[in-house]
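Beneath this line is the structure, given in structure tokens, with notes to follow.
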Amino acid sequence: MTSVSRNRSFDGWQNVYRHYSQVLNCQMNFGVYLPPQAESQSCPVLYWLSGLTCTEQNFITKAGAQQYAAKYGLIVVAPDTSPRGCNLPGEEESWDLGTGAGFYVNATQMPWAKHYRMYDYVVSELPQVIAANFPVLSDRRGIFGHSMGGYGALAIALKNPGMFKSISAFAPIVAPSQVPWGQKAFRNYLGDNESDWIGYDPTYLVKLTSERLPILIDQGDADQFLEEQLRPDIFAKACAEVNHPLTLRQQLGYDHSYYFIASFIGDHFAHHAAALGKV
């Protein structure tokens with residue numbers, strides 16, 4: 001693990017590191033914000049998953065998260081969204097598949113299967129790296145994200161009961177098996193058998209989990225992807241069917257951008273801090 005950058009922010013440190021991922025078979029960057037409290041004690045850890053086309057930089061430079069991480073004493077980890085530099089055929093041909101579009105699944109189809117295993121990276125390898133190198137309280141973890149990353153946060157938390165104590169999302173792709181973004185990714189990464197897709201679909205997973213962690217979702221009503229790609233109504237219906245606690249907030253006039261995220265990021269930190277415990 002090597003240091004890429006280190007910047008003082010709200011009396012803590014916003015760091016970016018690079019390491020070789022054994023799971024993804026490539027070099028990967030990830031951001032880690034260490035709040036001032038981390039200088040003297042271990043802290044809860046919050047994982048952020050970004051959306052299509054993003055790197056680790058989008059969240060750490062645009063969301064305004066550091067002030068709230070410092071306020072609540074939370075370490076925040078922001079990985080990249082896909083493997084990089086693997087030179088696979090088709091990897092750079094479209095913005096919603098390949099580079100910047102890992103979709104937080106373990107690909108089973110060639111040519112993707114050797115590298116595109118973002119699910120294992122986020123669930124297993126990266127948390128091990130974080131626990132070995134930073135003062136985290138590994139039994140006090142939360143996860144949140146945006147768009148593709150919001151979907152990833154929901155799917156990963158729902159597939160791994162007990163791993164996280166809090167979940168939230170901004171404009172998540174909640175029903176990937178039923179919308180074009182998810183169908184394209186799943187067909188390429190997982191194959192044509194739609195029964196293999198369901199294991200990564202939050203709308204199905206929420207009906208299977210016995211865990212009932214409250215979920216907070218913010219969705220802008222002026223989001224250009226709302227009707228075709230995001231469909232929070234489908235997830236809300238699924239949660240209602242099994243009485244899973246969901247707070248779905250429609251934010252008037254907000255779109256899909258980081259202006260939207262920055263406007264409500266403080267509420268999400270408060271949501272996570274309530275479950276993880278303030279340091």
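Ligands are numbered from 1 in the order shown, chains are lettered A, B, ... in the order of the structure tokens, and residues start at 1 in each chain.
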
Write out as an MDAnalysis selection string which residues come within 8 Å of region 166-180 of chain A when counting only C-alpha atoms, dropping same-chain ones fewer than 4 positions away.
chainID A and resid 141:151 153:154 157 184 186 194 197:198 201:203 213:220 226 228:232 234:235 256 261 268 271:272 275:276

Using C-alpha atoms, can you write the selected residues to a file as a tab-separated table (two decimals), in the first residue's frame?
```tsv
chain	number	residue	atom	x	y	z
A	141	ARG	CA	-19.53	-0.56	10.10
A	142	GLY	CA	-22.00	1.27	7.87
A	143	ILE	CA	-22.40	1.48	4.09
A	144	PHE	CA	-23.91	4.01	1.71
A	145	GLY	CA	-23.60	5.11	-1.89
A	146	HIS	CA	-25.00	6.85	-4.97
A	147	SER	CA	-26.74	5.47	-8.06
A	148	MET	CA	-24.81	2.31	-9.05
A	149	GLY	CA	-23.09	2.65	-5.66
A	150	GLY	CA	-26.40	3.08	-3.87
A	151	TYR	CA	-27.49	-0.17	-5.45
A	153	ALA	CA	-24.61	-0.56	-0.80
A	154	LEU	CA	-28.12	-1.99	-0.58
A	157	ALA	CA	-25.72	-5.02	3.12
A	184	LYS	CA	-26.86	-4.52	-19.53
A	186	PHE	CA	-25.84	-8.26	-15.46
A	194	GLU	CA	-31.82	-14.01	-15.19
A	197	TRP	CA	-29.15	-11.80	-11.43
A	198	ILE	CA	-31.55	-11.99	-8.51
A	201	ASP	CA	-30.97	-7.33	-6.81
A	202	PRO	CA	-32.00	-5.37	-3.67
A	203	THR	CA	-35.69	-5.65	-4.56
A	213	LEU	CA	-31.79	-2.51	9.53
A	214	PRO	CA	-33.61	0.78	8.80
A	215	ILE	CA	-32.82	2.07	5.30
A	216	LEU	CA	-32.68	5.75	4.37
A	217	ILE	CA	-33.00	6.67	0.67
A	218	ASP	CA	-32.98	10.18	-0.78
A	219	GLN	CA	-34.25	10.64	-4.33
A	220	GLY	CA	-34.49	13.87	-6.28
A	226	LEU	CA	-35.73	8.46	-12.14
A	228	GLU	CA	-36.29	4.62	-16.53
A	229	GLN	CA	-33.36	3.52	-14.37
A	230	LEU	CA	-33.96	4.11	-10.65
A	231	ARG	CA	-37.58	3.18	-9.86
A	232	PRO	CA	-37.62	3.63	-6.06
A	234	ILE	CA	-40.45	-0.89	-6.86
A	235	PHE	CA	-38.18	-1.11	-3.83
A	256	HIS	CA	-28.73	13.14	-9.97
A	261	ILE	CA	-25.62	14.58	-2.55
A	268	HIS	CA	-26.99	10.55	6.03
A	271	HIS	CA	-28.43	8.42	10.23
A	272	HIS	CA	-25.25	6.33	10.33
A	275	ALA	CA	-26.49	3.39	14.56
A	276	LEU	CA	-22.71	3.26	14.76
```

Residue set, region 50-247 of chain A restricted to strand (DSSP E or B), as a PyMOL selection string:
chain A and resi 75-79+94+97-98+101+106+117+136-146+166-170+215-220+246-247

Keeping only C-alpha atoms, write the selected residues to a file as a PDB file, in the first residue's frame.
```
ATOM      1  CA  ILE A  75     -13.556   6.884   9.327  1.00  0.00           C
ATOM      2  CA  VAL A  76     -14.830   6.996   5.740  1.00  0.00           C
ATOM      3  CA  VAL A  77     -13.559   4.645   3.032  1.00  0.00           C
ATOM      4  CA  ALA A  78     -14.263   5.390  -0.645  1.00  0.00           C
ATOM      5  CA  PRO A  79     -13.018   2.776  -3.130  1.00  0.00           C
ATOM      6  CA  SER A  94     -19.310   2.446 -23.269  1.00  0.00           C
ATOM      7  CA  LEU A  97     -20.023  -1.104 -18.818  1.00  0.00           C
ATOM      8  CA  GLY A  98     -16.391  -1.867 -18.073  1.00  0.00           C
ATOM      9  CA  ALA A 101     -18.923   0.497 -14.126  1.00  0.00           C
ATOM     10  CA  ASN A 106     -18.497 -10.963  -9.158  1.00  0.00           C
ATOM     11  CA  ARG A 117     -15.038  -9.005  -8.904  1.00  0.00           C
ATOM     12  CA  VAL A 136     -11.255   1.049  12.761  1.00  0.00           C
ATOM     13  CA  LEU A 137     -13.838  -0.604  14.965  1.00  0.00           C
ATOM     14  CA  SER A 138     -14.658  -3.427  12.560  1.00  0.00           C
ATOM     15  CA  ASP A 139     -17.790  -4.407  14.455  1.00  0.00           C
ATOM     16  CA  ARG A 140     -19.228  -0.919  13.865  1.00  0.00           C
ATOM     17  CA  ARG A 141     -19.533  -0.560  10.097  1.00  0.00           C
ATOM     18  CA  GLY A 142     -21.998   1.275   7.868  1.00  0.00           C
ATOM     19  CA  ILE A 143     -22.397   1.481   4.093  1.00  0.00           C
ATOM     20  CA  PHE A 144     -23.915   4.007   1.707  1.00  0.00           C
ATOM     21  CA  GLY A 145     -23.602   5.105  -1.892  1.00  0.00           C
ATOM     22  CA  HIS A 146     -25.002   6.850  -4.965  1.00  0.00           C
ATOM     23  CA  SER A 166     -26.459   1.036   9.026  1.00  0.00           C
ATOM     24  CA  ILE A 167     -27.456   1.508   5.362  1.00  0.00           C
ATOM     25  CA  SER A 168     -28.423   4.487   3.228  1.00  0.00           C
ATOM     26  CA  ALA A 169     -28.392   5.531  -0.420  1.00  0.00           C
ATOM     27  CA  PHE A 170     -28.762   8.453  -2.794  1.00  0.00           C
ATOM     28  CA  ILE A 215     -32.815   2.070   5.301  1.00  0.00           C
ATOM     29  CA  LEU A 216     -32.683   5.746   4.366  1.00  0.00           C
ATOM     30  CA  ILE A 217     -33.003   6.667   0.667  1.00  0.00           C
ATOM     31  CA  ASP A 218     -32.983  10.177  -0.781  1.00  0.00           C
ATOM     32  CA  GLN A 219     -34.250  10.641  -4.327  1.00  0.00           C
ATOM     33  CA  GLY A 220     -34.492  13.872  -6.284  1.00  0.00           C
ATOM     34  CA  LEU A 246     -37.584   2.231   4.849  1.00  0.00           C
ATOM     35  CA  THR A 247     -37.491   6.025   4.850  1.00  0.00           C
TER      36      THR A 247
END
```

Can you list every residue in region 15-143 of chain A that DSSP puts in helix (DSSP H, G or I), as a VMD selection string?
chain A and resid 36 to 39 57 to 62 66 to 72 118 to 133

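Take the candidates A:Tyr72, A:Phe59, A:Tyr47, A:Phe103 and check each one against Met163 (chain A) using only C-alpha atoms; the shortest distance goes to A:Tyr47.
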
From the set A:Asn87, A:Gly277, A:Asn160, A:Gly199, which residue has the shortest atom-to-atom contact distance to Leu46 (chain A), counting only C-alpha atoms?
A:Gly277

Contacts of Gln41 (chain A) within 10 Å, only C-alpha atoms, excl. fewer than 2 positions in-chain, as an MDAnalysis selection string
chainID A and resid 36:39 43 73 135:137 279

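The gap separating CA of Asn243 (chain A) from CA of Glu211 (chain A) is 11.0 Å, in Å to one decimal.
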